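K.L.:
Contents are PDB, C-alpha atoms; file name model.pdb:
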```
ATOM      1  CA  MET A   1     252.146  62.521 325.529
ATOM      2  CA  GLN A   2     250.938  66.139 325.576
ATOM      3  CA  GLN A   3     247.512  67.198 326.826
ATOM      4  CA  MET A   4     246.268  68.632 323.545
ATOM      5  CA  ILE A   5     246.962  68.670 319.820
ATOM      6  CA  THR A   6     246.824  72.007 317.979
ATOM      7  CA  ILE A   7     246.366  72.189 314.214
ATOM      8  CA  LEU A   8     246.994  75.599 312.701
ATOM      9  CA  GLY A   9     247.640  77.003 309.254
ATOM     10  CA  PRO A  10     246.578  79.721 306.833
ATOM     11  CA  THR A  11     243.139  79.916 305.286
ATOM     12  CA  ALA A  12     242.435  77.262 302.614
ATOM     13  CA  SER A  13     245.168  74.935 303.901
ATOM     14  CA  GLY A  14     242.762  72.138 304.891
ATOM     15  CA  LYS A  15     243.018  72.407 308.684
ATOM     16  CA  THR A  16     239.487  71.288 309.564
ATOM     17  CA  PRO A  17     239.374  68.084 307.470
ATOM     18  CA  LEU A  18     242.734  67.106 308.970
ATOM     19  CA  ALA A  19     241.536  67.840 312.514
ATOM     20  CA  THR A  20     238.361  65.823 312.050
ATOM     21  CA  ALA A  21     240.211  62.883 310.494
ATOM     22  CA  LEU A  22     242.585  62.917 313.449
ATOM     23  CA  ALA A  23     239.704  63.213 315.931
ATOM     24  CA  ALA A  24     238.006  60.214 314.357
ATOM     25  CA  ARG A  25     241.172  58.154 314.792
ATOM     26  CA  ILE A  26     241.773  59.024 318.446
ATOM     27  CA  GLY A  27     238.241  59.765 319.654
ATOM     28  CA  GLY A  28     239.060  63.444 320.118
ATOM     29  CA  GLU A  29     236.901  66.563 320.194
ATOM     30  CA  ILE A  30     237.611  69.811 318.364
ATOM     31  CA  ILE A  31     237.827  73.269 319.889
ATOM     32  CA  SER A  32     237.594  75.919 317.175
ATOM     33  CA  ALA A  33     240.139  78.749 317.095
ATOM     34  CA  ASP A  34     238.316  80.880 314.541
ATOM     35  CA  SER A  35     237.312  84.390 315.587
ATOM     36  CA  ARG A  36     234.304  84.523 313.232
ATOM     37  CA  GLN A  37     232.854  81.020 313.357
ATOM     38  CA  VAL A  38     231.585  81.847 316.848
ATOM     39  CA  TYR A  39     228.695  83.734 315.196
ATOM     40  CA  ARG A  40     225.428  81.998 314.347
ATOM     41  CA  ARG A  41     224.083  82.265 310.783
ATOM     42  CA  MET A  42     227.448  83.484 309.517
ATOM     43  CA  ASP A  43     228.227  80.244 307.730
ATOM     44  CA  ILE A  44     229.289  80.583 304.104
ATOM     45  CA  GLY A  45     231.421  83.680 304.635
ATOM     46  CA  THR A  46     233.314  82.113 307.538
ATOM     47  CA  GLY A  47     233.794  78.747 305.808
ATOM     48  CA  LYS A  48     231.779  77.106 308.567
ATOM     49  CA  ASP A  49     230.902  73.862 306.822
ATOM     50  CA  LEU A  50     229.538  71.643 309.581
ATOM     51  CA  ASP A  51     229.610  68.698 307.160
ATOM     52  CA  ASP A  52     233.389  68.795 307.723
ATOM     53  CA  TYR A  53     232.705  67.415 311.192
ATOM     54  CA  VAL A  54     231.195  64.231 309.773
ATOM     55  CA  VAL A  55     233.879  61.684 308.871
ATOM     56  CA  SER A  56     232.718  58.883 306.602
ATOM     57  CA  GLU A  57     235.615  56.471 306.882
ATOM     58  CA  VAL A  58     237.631  55.475 309.920
ATOM     59  CA  ARG A  59     240.530  52.985 309.749
ATOM     60  CA  GLY A  60     239.361  51.578 306.446
ATOM     61  CA  THR A  61     235.799  50.777 307.562
ATOM     62  CA  ARG A  62     232.771  52.421 305.984
ATOM     63  CA  CYS A  63     230.946  54.239 308.751
ATOM     64  CA  GLU A  64     229.845  57.750 309.603
ATOM     65  CA  VAL A  65     231.316  59.447 312.660
ATOM     66  CA  ARG A  66     230.130  62.872 313.848
ATOM     67  CA  ILE A  67     232.985  64.706 315.551
ATOM     68  CA  PRO A  68     231.983  66.865 318.548
ATOM     69  CA  TYR A  69     233.020  70.506 318.210
ATOM     70  CA  HIS A  70     233.115  73.494 320.555
ATOM     71  CA  LEU A  71     233.078  77.322 320.244
ATOM     72  CA  ILE A  72     231.143  77.397 316.979
ATOM     73  CA  ASP A  73     227.725  79.122 316.826
ATOM     74  CA  ILE A  74     227.921  80.463 320.379
ATOM     75  CA  CYS A  75     226.868  84.106 319.932
ATOM     76  CA  GLU A  76     224.685  86.346 317.814
ATOM     77  CA  PRO A  77     225.822  88.385 314.786
ATOM     78  CA  GLY A  78     226.251  92.055 315.611
ATOM     79  CA  THR A  79     227.933  91.351 318.935
ATOM     80  CA  LYS A  80     231.655  91.935 319.476
ATOM     81  CA  TYR A  81     233.154  88.658 320.651
ATOM     82  CA  ASN A  82     236.706  89.176 321.882
ATOM     83  CA  LEU A  83     239.904  87.545 323.055
ATOM     84  CA  PHE A  84     239.014  87.853 326.745
ATOM     85  CA  GLN A  85     235.767  85.926 326.176
ATOM     86  CA  TYR A  86     237.462  83.392 323.921
ATOM     87  CA  GLN A  87     240.136  82.559 326.446
ATOM     88  CA  GLN A  88     237.532  81.771 329.128
ATOM     89  CA  ASP A  89     235.286  79.847 326.711
ATOM     90  CA  PHE A  90     238.264  77.837 325.491
ATOM     91  CA  TYR A  91     239.345  76.917 328.995
ATOM     92  CA  ASP A  92     235.812  75.860 329.981
ATOM     93  CA  ALA A  93     235.585  73.597 326.912
ATOM     94  CA  TYR A  94     239.117  72.296 327.458
ATOM     95  CA  GLN A  95     238.427  71.392 331.086
ATOM     96  CA  ASP A  96     235.159  69.691 330.146
ATOM     97  CA  ILE A  97     236.802  67.568 327.438
ATOM     98  CA  ARG A  98     239.753  66.610 329.625
ATOM     99  CA  SER A  99     237.468  65.715 332.539
ATOM    100  CA  ARG A 100     235.904  63.037 330.328
ATOM    101  CA  GLY A 101     239.274  61.529 329.450
ATOM    102  CA  VAL A 102     239.097  62.791 325.869
ATOM    103  CA  THR A 103     241.865  64.541 323.892
ATOM    104  CA  PRO A 104     241.081  68.127 322.825
ATOM    105  CA  ILE A 105     242.172  69.178 319.339
ATOM    106  CA  LEU A 106     242.474  72.952 318.932
ATOM    107  CA  CYS A 107     241.979  73.872 315.277
ATOM    108  CA  GLY A 108     241.952  77.221 313.521
ATOM    109  CA  GLY A 109     243.772  80.090 311.931
ATOM    110  CA  THR A 110     243.291  82.941 314.408
ATOM    111  CA  GLY A 111     246.860  83.109 315.662
ATOM    112  CA  LEU A 112     246.143  85.536 318.508
ATOM    113  CA  TYR A 113     243.499  83.209 319.970
ATOM    114  CA  ILE A 114     245.769  80.172 319.653
ATOM    115  CA  GLU A 115     248.758  81.863 321.233
ATOM    116  CA  ALA A 116     246.672  83.354 324.048
ATOM    117  CA  VAL A 117     245.396  79.971 325.227
ATOM    118  CA  LEU A 118     248.644  78.063 324.711
ATOM    119  CA  LYS A 119     250.686  80.666 326.563
ATOM    120  CA  GLY A 120     248.003  81.522 329.140
ATOM    121  CA  TYR A 121     247.799  85.275 328.478
ATOM    122  CA  HIS A 122     246.806  87.281 331.568
ATOM    123  CA  LEU A 123     243.927  89.439 330.349
ATOM    124  CA  SER A 124     241.495  91.986 331.799
ATOM    125  CA  PRO A 125     238.039  92.957 330.503
ATOM    126  CA  VAL A 126     238.212  96.444 328.962
ATOM    127  CA  PRO A 127     235.120  98.698 328.804
ATOM    128  CA  GLN A 128     234.374 100.924 325.818
ATOM    129  CA  ASN A 129     235.657 104.493 325.981
ATOM    130  CA  PRO A 130     233.227 106.787 324.089
ATOM    131  CA  GLU A 131     235.457 109.863 324.506
ATOM    132  CA  LEU A 132     238.487 108.082 323.045
ATOM    133  CA  ARG A 133     236.388 106.676 320.215
ATOM    134  CA  ALA A 134     235.147 110.164 319.361
ATOM    135  CA  THR A 135     238.724 111.436 319.026
ATOM    136  CA  LEU A 136     239.650 108.522 316.745
ATOM    137  CA  GLU A 137     236.617 108.748 314.455
ATOM    138  CA  GLY A 138     237.521 109.660 310.900
ATOM    139  CA  LYS A 139     241.152 108.598 311.120
ATOM    140  CA  SER A 140     242.480 106.264 308.424
ATOM    141  CA  LEU A 141     243.504 102.685 309.106
ATOM    142  CA  GLU A 142     247.123 103.715 308.473
ATOM    143  CA  GLU A 143     246.912 106.483 311.091
ATOM    144  CA  LEU A 144     245.250 104.166 313.611
ATOM    145  CA  THR A 145     247.822 101.444 312.973
ATOM    146  CA  GLN A 146     250.664 103.879 313.679
ATOM    147  CA  MET A 147     248.974 105.021 316.913
ATOM    148  CA  LEU A 148     248.566 101.394 317.955
ATOM    149  CA  LYS A 149     252.214 100.671 317.199
ATOM    150  CA  GLU A 150     253.302 103.566 319.437
ATOM    151  CA  LEU A 151     250.992 102.433 322.262
ATOM    152  CA  LYS A 152     252.296  98.865 322.064
ATOM    153  CA  ALA A 153     255.846 100.177 322.361
ATOM    154  CA  GLN A 154     254.815 101.749 325.684
ATOM    155  CA  THR A 155     252.923  98.742 327.045
ATOM    156  CA  GLY A 156     255.257  96.054 325.685
ATOM    157  CA  SER A 157     252.184  94.287 324.314
ATOM    158  CA  THR A 158     252.396  91.427 321.823
ATOM    159  CA  MET A 159     248.660  91.564 321.097
ATOM    160  CA  HIS A 160     246.840  93.200 318.195
ATOM    161  CA  ASN A 161     249.153  92.398 315.316
ATOM    162  CA  LYS A 162     248.117  93.095 311.720
ATOM    163  CA  THR A 163     246.481  89.691 311.335
ATOM    164  CA  ASP A 164     243.513  90.728 313.452
ATOM    165  CA  VAL A 165     243.549  94.517 313.018
ATOM    166  CA  ASP A 166     242.360  94.855 309.436
ATOM    167  CA  SER A 167     239.658  97.521 309.743
ATOM    168  CA  CYS A 168     239.268 100.900 311.427
ATOM    169  CA  GLN A 169     236.783  99.511 313.954
ATOM    170  CA  ARG A 170     239.154  96.739 314.984
ATOM    171  CA  ALA A 171     242.076  99.171 315.204
ATOM    172  CA  ILE A 172     240.036 101.535 317.397
ATOM    173  CA  ARG A 173     239.112  98.666 319.734
ATOM    174  CA  ALA A 174     242.767  97.614 319.919
ATOM    175  CA  ILE A 175     243.802 101.202 320.767
ATOM    176  CA  GLU A 176     241.051 101.273 323.398
ATOM    177  CA  ILE A 177     242.399  98.103 325.019
ATOM    178  CA  GLU A 178     246.035  99.187 324.944
ATOM    179  CA  THR A 179     245.150 102.655 326.292
ATOM    180  CA  TYR A 180     243.157 101.128 329.142
ATOM    181  CA  ASN A 181     245.946  98.736 330.063
ATOM    182  CA  LEU A 182     248.445 101.602 330.017
ATOM    183  CA  LYS A 183     246.363 103.769 332.372
ATOM    184  CA  HIS A 184     244.699 101.121 334.546
ATOM    185  CA  PRO A 185     247.188  98.527 335.771
ATOM    186  CA  MET A 186     245.074  95.985 337.627
ATOM    187  CA  PRO A 187     245.072  92.333 338.636
ATOM    188  CA  ARG A 188     244.342  90.252 335.564
ATOM    189  CA  ARG A 189     242.560  86.969 335.203
ATOM    190  CA  GLU A 190     245.078  84.168 335.210
ATOM    191  CA  LEU A 191     244.471  80.975 333.262
ATOM    192  CA  PRO A 192     247.240  78.398 332.959
ATOM    193  CA  ALA A 193     249.262  77.755 329.822
ATOM    194  CA  VAL A 194     248.281  74.552 328.002
ATOM    195  CA  SER A 195     250.765  71.910 326.896
ATOM    196  CA  SER A 196     250.141  71.027 323.264
ATOM    197  CA  LEU A 197     251.697  69.309 320.296
ATOM    198  CA  ILE A 198     251.474  71.974 317.568
ATOM    199  CA  ILE A 199     250.981  70.904 313.955
ATOM    200  CA  GLY A 200     251.191  73.436 311.128
ATOM    201  CA  VAL A 201     249.620  72.688 307.753
ATOM    202  CA  ASP A 202     252.199  73.810 305.201
ATOM    203  CA  ILE A 203     250.709  74.741 301.842
ATOM    204  CA  ASP A 204     252.657  76.065 298.861
ATOM    205  CA  ARG A 205     251.986  79.760 298.281
ATOM    206  CA  GLU A 206     250.824  79.358 294.684
ATOM    207  CA  LEU A 207     248.572  76.413 295.539
ATOM    208  CA  ARG A 208     247.144  78.418 298.426
ATOM    209  CA  ARG A 209     246.370  81.309 296.092
ATOM    210  CA  GLN A 210     244.621  78.978 293.635
ATOM    211  CA  LYS A 211     242.539  77.401 296.406
ATOM    212  CA  ILE A 212     241.557  80.795 297.822
ATOM    213  CA  THR A 213     240.328  82.038 294.435
ATOM    214  CA  ARG A 214     238.491  78.783 293.705
ATOM    215  CA  ARG A 215     236.897  78.760 297.149
ATOM    216  CA  LEU A 216     235.808  82.388 296.901
ATOM    217  CA  LYS A 217     234.027  81.698 293.609
ATOM    218  CA  ALA A 218     232.359  78.628 295.136
ATOM    219  CA  ARG A 219     231.151  80.568 298.183
ATOM    220  CA  LEU A 220     229.638  83.256 295.995
ATOM    221  CA  ASP A 221     227.916  80.551 293.937
ATOM    222  CA  GLU A 222     226.633  78.941 297.156
ATOM    223  CA  GLY A 223     224.835  82.125 298.205
ATOM    224  CA  MET A 224     227.262  84.195 300.260
ATOM    225  CA  VAL A 225     225.688  87.462 299.075
ATOM    226  CA  ASP A 226     222.230  86.212 300.091
ATOM    227  CA  GLU A 227     223.600  85.196 303.504
ATOM    228  CA  VAL A 228     224.894  88.713 304.152
ATOM    229  CA  ARG A 229     221.669  90.246 302.827
ATOM    230  CA  ARG A 230     219.644  88.118 305.287
ATOM    231  CA  LEU A 231     221.786  89.364 308.163
ATOM    232  CA  LEU A 232     221.171  92.966 307.084
ATOM    233  CA  ASP A 233     217.453  92.213 306.795
ATOM    234  CA  GLU A 234     217.502  90.990 310.406
ATOM    235  CA  GLY A 235     218.424  94.522 311.378
ATOM    236  CA  ILE A 236     222.144  94.014 311.948
ATOM    237  CA  PRO A 237     223.806  97.348 311.064
ATOM    238  CA  ALA A 238     226.025  97.326 307.984
ATOM    239  CA  GLU A 239     228.935  98.753 309.999
ATOM    240  CA  ASP A 240     228.722  95.816 312.427
ATOM    241  CA  LEU A 241     229.080  93.358 309.544
ATOM    242  CA  ILE A 242     231.897  95.415 308.034
ATOM    243  CA  TYR A 243     233.637  95.143 311.435
ATOM    244  CA  TYR A 244     233.996  91.378 310.929
ATOM    245  CA  GLY A 245     236.241  92.004 307.920
ATOM    246  CA  LEU A 246     236.980  90.046 304.736
ATOM    247  CA  GLU A 247     233.851  88.451 303.215
ATOM    248  CA  TYR A 248     231.420  90.344 305.438
ATOM    249  CA  LYS A 249     233.146  93.664 304.882
ATOM    250  CA  PHE A 250     233.327  93.542 301.101
ATOM    251  CA  VAL A 251     230.009  91.788 300.438
ATOM    252  CA  THR A 252     228.218  94.273 302.714
ATOM    253  CA  GLU A 253     229.841  97.170 300.869
ATOM    254  CA  TYR A 254     228.622  95.642 297.610
ATOM    255  CA  ILE A 255     225.062  95.233 298.905
ATOM    256  CA  ILE A 256     224.824  98.804 300.205
ATOM    257  CA  GLY A 257     226.207 100.171 296.937
ATOM    258  CA  ARG A 258     229.723 101.215 297.863
ATOM    259  CA  LEU A 259     231.286  98.668 295.484
ATOM    260  CA  SER A 260     230.303  97.058 292.195
ATOM    261  CA  TYR A 261     230.237  93.253 292.054
ATOM    262  CA  ASP A 262     233.523  93.130 290.140
ATOM    263  CA  GLU A 263     235.163  95.571 292.584
ATOM    264  CA  MET A 264     233.911  93.501 295.495
ATOM    265  CA  PHE A 265     235.294  90.274 294.057
ATOM    266  CA  ARG A 266     238.662  91.765 293.117
ATOM    267  CA  GLN A 267     239.205  93.583 296.409
ATOM    268  CA  LEU A 268     238.012  90.637 298.496
ATOM    269  CA  GLU A 269     240.265  88.200 296.644
ATOM    270  CA  ILE A 270     243.276  90.457 297.286
ATOM    271  CA  ALA A 271     242.287  90.897 300.943
ATOM    272  CA  ILE A 272     242.054  87.133 301.538
ATOM    273  CA  HIS A 273     245.471  86.573 299.944
ATOM    274  CA  GLN A 274     246.901  89.298 302.196
ATOM    275  CA  PHE A 275     245.165  87.769 305.217
ATOM    276  CA  ALA A 276     246.692  84.344 304.531
ATOM    277  CA  LYS A 277     250.123  85.967 304.267
ATOM    278  CA  ARG A 278     249.607  87.723 307.610
ATOM    279  CA  GLN A 279     248.526  84.454 309.201
ATOM    280  CA  MET A 280     251.793  82.840 308.135
ATOM    281  CA  THR A 281     253.707  85.843 309.475
ATOM    282  CA  TRP A 282     252.016  85.331 312.841
ATOM    283  CA  PHE A 283     252.810  81.605 312.918
ATOM    284  CA  ARG A 284     256.453  82.263 312.059
ATOM    285  CA  GLY A 285     256.442  84.817 314.851
ATOM    286  CA  MET A 286     255.145  82.161 317.237
ATOM    287  CA  GLU A 287     258.171  80.050 316.344
ATOM    288  CA  ARG A 288     260.466  82.977 317.150
ATOM    289  CA  ARG A 289     258.634  83.361 320.457
ATOM    290  CA  GLY A 290     259.506  79.808 321.435
ATOM    291  CA  PHE A 291     256.679  77.636 320.095
ATOM    292  CA  ARG A 292     257.695  74.422 318.316
ATOM    293  CA  ILE A 293     255.502  73.966 315.251
ATOM    294  CA  HIS A 294     255.782  70.694 313.323
ATOM    295  CA  TRP A 295     254.947  71.514 309.695
ATOM    296  CA  ILE A 296     253.201  68.882 307.560
ATOM    297  CA  ASP A 297     252.786  69.116 303.777
ATOM    298  CA  ALA A 298     249.151  69.921 302.961
ATOM    299  CA  THR A 299     249.276  67.859 299.758
ATOM    300  CA  LEU A 300     250.063  64.527 301.441
ATOM    301  CA  PRO A 301     247.290  61.902 301.537
ATOM    302  CA  MET A 302     245.064  62.335 304.587
ATOM    303  CA  GLU A 303     246.002  59.020 306.166
ATOM    304  CA  GLU A 304     249.698  59.860 305.866
ATOM    305  CA  LYS A 305     249.186  63.251 307.524
ATOM    306  CA  VAL A 306     247.248  61.682 310.392
ATOM    307  CA  ASN A 307     249.906  58.997 310.853
ATOM    308  CA  LYS A 308     252.649  61.638 310.990
ATOM    309  CA  ILE A 309     250.763  63.492 313.715
ATOM    310  CA  LEU A 310     250.243  60.296 315.716
ATOM    311  CA  GLN A 311     253.942  59.464 315.487
ATOM    312  CA  LEU A 312     254.827  62.899 316.853
ATOM    313  CA  TRP A 313     252.176  62.696 319.549
ATOM    314  CA  GLN A 314     252.981  59.212 320.845
TER     315      GLN A 314
END
```
Show the structure stored in the file as structure tokens.

P.N.:
Amino acid sequence: MQQMITILGPTASGKTPLATALAARIGGEIISADSRQVYRRMDIGTGKDLDDYVVSEVRGTRCEVRIPYHLIDICEPGTKYNLFQYQQDFYDAYQDIRSRGVTPILCGGTGLYIEAVLKGYHLSPVPQNPELRATLEGKSLEELTQMLKELKAQTGSTMHNKTDVDSCQRAIRAIEIETYNLKHPMPRRELPAVSSLIIGVDIDRELRRQKITRRLKARLDEGMVDEVRRLLDEGIPAEDLIYYGLEYKFVTEYIIGRLSYDEMFRQLEIAIHQFAKRQMTWFRGMERRGFRIHWIDATLPMEEKVNKILQLWQ
């Protein structure tokens, strides 16, 4: 029996409800692998529905079980949480859960974070480089992406794929990291790889597209624009929210007048579809890099999905 269970999949595939149903069955605790749910008060835009962590029925009995979760709401909006921090935070949570004899369930869609902790990436903290940033300012995302590709060819890096580099700010930070690692070889923090059963939630492309569109409309109805406006009113710079990408990027651009509402909706919908496609590309890449992912049909009844996971695990 492996030390951990990992549940991954593209956005809107139903990862969290599956993880919580599984946790309720085995008494597990969830470690989030979502690069944006770490931020407090960024709830609707990140899909951070904490009600998902309350399971109302376990093994046919009517009861309410609150599933413990980790690495959600751990830092303030406007800060730049990164892979180096995530890897340490994950390992601290993982060690804590294991020390209590409980099974950790890693759940999320940020492929870079998942792969880093499963493989035990050796990472170094990288300071900001104002001079480099000044030379990169004004370049397009396409230009930055090409520069990053050339740097990665020199360093042999497998980090910073398109899934997580979807804005100029993110691309500049990735170039900063790769440039530093190229010029400053140094001892890196070493955390061990983690043995895990890996479950992928397999959702049909057309169904995924329908769910993404439906969910986007629901989030807008639930007050996503007001959520972003409150963050701006707190004094968080618009460019910092744009840095987080997807919902925060496009809704912020709508609020500050760069986009109309219809433009915001149309461009955001396209961006989320593209993001889900890139997530699947990453997961398929993980398989090519030696990870065994057991894919489970997203449309199966919940109990059947949980039972399939337990059969694989035991």

K.L.:
Can you list, as number ranges by chain, the residues that the PyMOL selection byres ((chain A and resi 283) around 12) selects here?

P.N.:
A: 7-10, 108-115, 161, 163, 198-202, 276-282, 284-295

K.L.:
Keeping C-alpha atoms for every residue in the selection just given, could you write it to a file as a PDB file, in the frame of the given file?

P.N.:
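The result, written out as result-v1.pdb:
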```pdb
ATOM      1  CA  ILE A   7     246.366  72.189 314.214  1.00  0.00           C
ATOM      2  CA  LEU A   8     246.994  75.599 312.701  1.00  0.00           C
ATOM      3  CA  GLY A   9     247.640  77.003 309.254  1.00  0.00           C
ATOM      4  CA  PRO A  10     246.578  79.721 306.833  1.00  0.00           C
ATOM      5  CA  GLY A 108     241.952  77.221 313.521  1.00  0.00           C
ATOM      6  CA  GLY A 109     243.772  80.090 311.931  1.00  0.00           C
ATOM      7  CA  THR A 110     243.291  82.941 314.408  1.00  0.00           C
ATOM      8  CA  GLY A 111     246.860  83.109 315.662  1.00  0.00           C
ATOM      9  CA  LEU A 112     246.143  85.536 318.508  1.00  0.00           C
ATOM     10  CA  TYR A 113     243.499  83.209 319.970  1.00  0.00           C
ATOM     11  CA  ILE A 114     245.769  80.172 319.653  1.00  0.00           C
ATOM     12  CA  GLU A 115     248.758  81.863 321.233  1.00  0.00           C
ATOM     13  CA  ASN A 161     249.153  92.398 315.316  1.00  0.00           C
ATOM     14  CA  THR A 163     246.481  89.691 311.335  1.00  0.00           C
ATOM     15  CA  ILE A 198     251.474  71.974 317.568  1.00  0.00           C
ATOM     16  CA  ILE A 199     250.981  70.904 313.955  1.00  0.00           C
ATOM     17  CA  GLY A 200     251.191  73.436 311.128  1.00  0.00           C
ATOM     18  CA  VAL A 201     249.620  72.688 307.753  1.00  0.00           C
ATOM     19  CA  ASP A 202     252.199  73.810 305.201  1.00  0.00           C
ATOM     20  CA  ALA A 276     246.692  84.344 304.531  1.00  0.00           C
ATOM     21  CA  LYS A 277     250.123  85.967 304.267  1.00  0.00           C
ATOM     22  CA  ARG A 278     249.607  87.723 307.610  1.00  0.00           C
ATOM     23  CA  GLN A 279     248.526  84.454 309.201  1.00  0.00           C
ATOM     24  CA  MET A 280     251.793  82.840 308.135  1.00  0.00           C
ATOM     25  CA  THR A 281     253.707  85.843 309.475  1.00  0.00           C
ATOM     26  CA  TRP A 282     252.016  85.331 312.841  1.00  0.00           C
ATOM     27  CA  ARG A 284     256.453  82.263 312.059  1.00  0.00           C
ATOM     28  CA  GLY A 285     256.442  84.817 314.851  1.00  0.00           C
ATOM     29  CA  MET A 286     255.145  82.161 317.237  1.00  0.00           C
ATOM     30  CA  GLU A 287     258.171  80.050 316.344  1.00  0.00           C
ATOM     31  CA  ARG A 288     260.466  82.977 317.150  1.00  0.00           C
ATOM     32  CA  ARG A 289     258.634  83.361 320.457  1.00  0.00           C
ATOM     33  CA  GLY A 290     259.506  79.808 321.435  1.00  0.00           C
ATOM     34  CA  PHE A 291     256.679  77.636 320.095  1.00  0.00           C
ATOM     35  CA  ARG A 292     257.695  74.422 318.316  1.00  0.00           C
ATOM     36  CA  ILE A 293     255.502  73.966 315.251  1.00  0.00           C
ATOM     37  CA  HIS A 294     255.782  70.694 313.323  1.00  0.00           C
ATOM     38  CA  TRP A 295     254.947  71.514 309.695  1.00  0.00           C
TER      39      TRP A 295
END
```

K.L.:
Identify which of the residues A:Ala12, A:Phe265, A:Ile67, A:Ala23 lies closest to Gly47 in chain A, counting only C-alpha atoms when measuring atom-to-atom distances.

P.N.:
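Comparing A:Ala12, A:Phe265, A:Ile67, A:Ala23 against Gly47 in chain A, the winner is A:Ala12.
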
K.L.:
Of the candidates A:Gly78, A:Arg230, A:Ile172, A:Leu71, which shows the shortest atom-to-atom distance to Ser140 in chain A, using all atoms listed in the file?

P.N.:
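With all atoms listed in the file as the atom set, the closest residue is A:Ile172.
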
K.L.:
From the set A:Glu176, A:Met147, A:Lys152, A:Glu29, which residue has the shortest atom-to-atom contact distance to Leu132 in chain A, counting all atoms listed in the file?

P.N.:
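Between A:Glu176, A:Met147, A:Lys152, A:Glu29, the residue approaching Leu132 in chain A most closely is A:Glu176.
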
K.L.:
Measuring between only C-alpha atoms, which one of A:Gln314, A:Ser35, A:Gln128, A:Gln146 shows the shortest distance to Asn82 in chain A?

P.N.:
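Ranking A:Gln314, A:Ser35, A:Gln128, A:Gln146 by distance to Asn82 in chain A, first place goes to A:Ser35.
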
K.L.:
For the PyMOL selection byres ((chain A and resi 232-247) around 9), applied here, can you spell out every residue it catches as number ranges by chain?

P.N.:
A: 36, 45-46, 77-80, 166-170, 216, 224, 227-231, 248-253, 256, 268-269, 271-272, 275

K.L.:
Should you be able to, write range 276-280 of chain A of this structure into a file that contains all heavy atoms, as a PDB file, in the first residue's frame.

P.N.:
```pdb
ATOM      1  N   ALA A 276      -7.335  24.154 -19.493  1.00  0.00           N
ATOM      2  CA  ALA A 276      -7.666  22.744 -19.257  1.00  0.00           C
ATOM      3  C   ALA A 276      -6.922  21.842 -20.240  1.00  0.00           C
ATOM      4  O   ALA A 276      -6.436  20.765 -19.872  1.00  0.00           O
ATOM      5  CB  ALA A 276      -9.175  22.532 -19.374  1.00  0.00           C
ATOM      6  N   LYS A 277      -6.808  22.300 -21.477  1.00  0.00           N
ATOM      7  CA  LYS A 277      -6.073  21.523 -22.490  1.00  0.00           C
ATOM      8  C   LYS A 277      -4.600  21.417 -22.105  1.00  0.00           C
ATOM      9  O   LYS A 277      -3.984  20.344 -22.232  1.00  0.00           O
ATOM     10  CB  LYS A 277      -6.236  22.186 -23.857  1.00  0.00           C
ATOM     11  CG  LYS A 277      -5.606  21.412 -25.002  1.00  0.00           C
ATOM     12  CD  LYS A 277      -5.853  22.119 -26.336  1.00  0.00           C
ATOM     13  CE  LYS A 277      -5.181  21.370 -27.479  1.00  0.00           C
ATOM     14  NZ  LYS A 277      -5.403  22.064 -28.775  1.00  0.00           N
ATOM     15  N   ARG A 278      -4.026  22.522 -21.622  1.00  0.00           N
ATOM     16  CA  ARG A 278      -2.615  22.492 -21.212  1.00  0.00           C
ATOM     17  C   ARG A 278      -2.407  21.597 -19.993  1.00  0.00           C
ATOM     18  O   ARG A 278      -1.373  20.932 -19.869  1.00  0.00           O
ATOM     19  CB  ARG A 278      -2.113  23.913 -20.921  1.00  0.00           C
ATOM     20  CG  ARG A 278      -2.039  24.808 -22.150  1.00  0.00           C
ATOM     21  CD  ARG A 278      -1.195  26.055 -21.889  1.00  0.00           C
ATOM     22  NE  ARG A 278      -1.658  26.850 -20.760  1.00  0.00           N
ATOM     23  CZ  ARG A 278      -2.537  27.842 -20.852  1.00  0.00           C
ATOM     24  NH1 ARG A 278      -3.078  28.140 -22.024  1.00  0.00           N
ATOM     25  NH2 ARG A 278      -2.884  28.538 -19.792  1.00  0.00           N
ATOM     26  N   GLN A 279      -3.382  21.594 -19.089  1.00  0.00           N
ATOM     27  CA  GLN A 279      -3.280  20.692 -17.941  1.00  0.00           C
ATOM     28  C   GLN A 279      -3.184  19.241 -18.404  1.00  0.00           C
ATOM     29  O   GLN A 279      -2.345  18.471 -17.915  1.00  0.00           O
ATOM     30  CB  GLN A 279      -4.498  20.853 -17.025  1.00  0.00           C
ATOM     31  CG  GLN A 279      -4.502  22.126 -16.187  1.00  0.00           C
ATOM     32  CD  GLN A 279      -5.771  22.230 -15.373  1.00  0.00           C
ATOM     33  OE1 GLN A 279      -6.879  22.255 -15.922  1.00  0.00           O
ATOM     34  NE2 GLN A 279      -5.640  22.286 -14.057  1.00  0.00           N
ATOM     35  N   MET A 280      -4.051  18.866 -19.346  1.00  0.00           N
ATOM     36  CA  MET A 280      -4.018  17.488 -19.839  1.00  0.00           C
ATOM     37  C   MET A 280      -2.700  17.194 -20.550  1.00  0.00           C
ATOM     38  O   MET A 280      -2.164  16.082 -20.434  1.00  0.00           O
ATOM     39  CB  MET A 280      -5.199  17.234 -20.776  1.00  0.00           C
ATOM     40  CG  MET A 280      -6.542  17.101 -20.060  1.00  0.00           C
ATOM     41  SD  MET A 280      -6.529  15.812 -18.762  1.00  0.00           S
ATOM     42  CE  MET A 280      -6.076  14.362 -19.714  1.00  0.00           C
TER      43      MET A 280
END
```
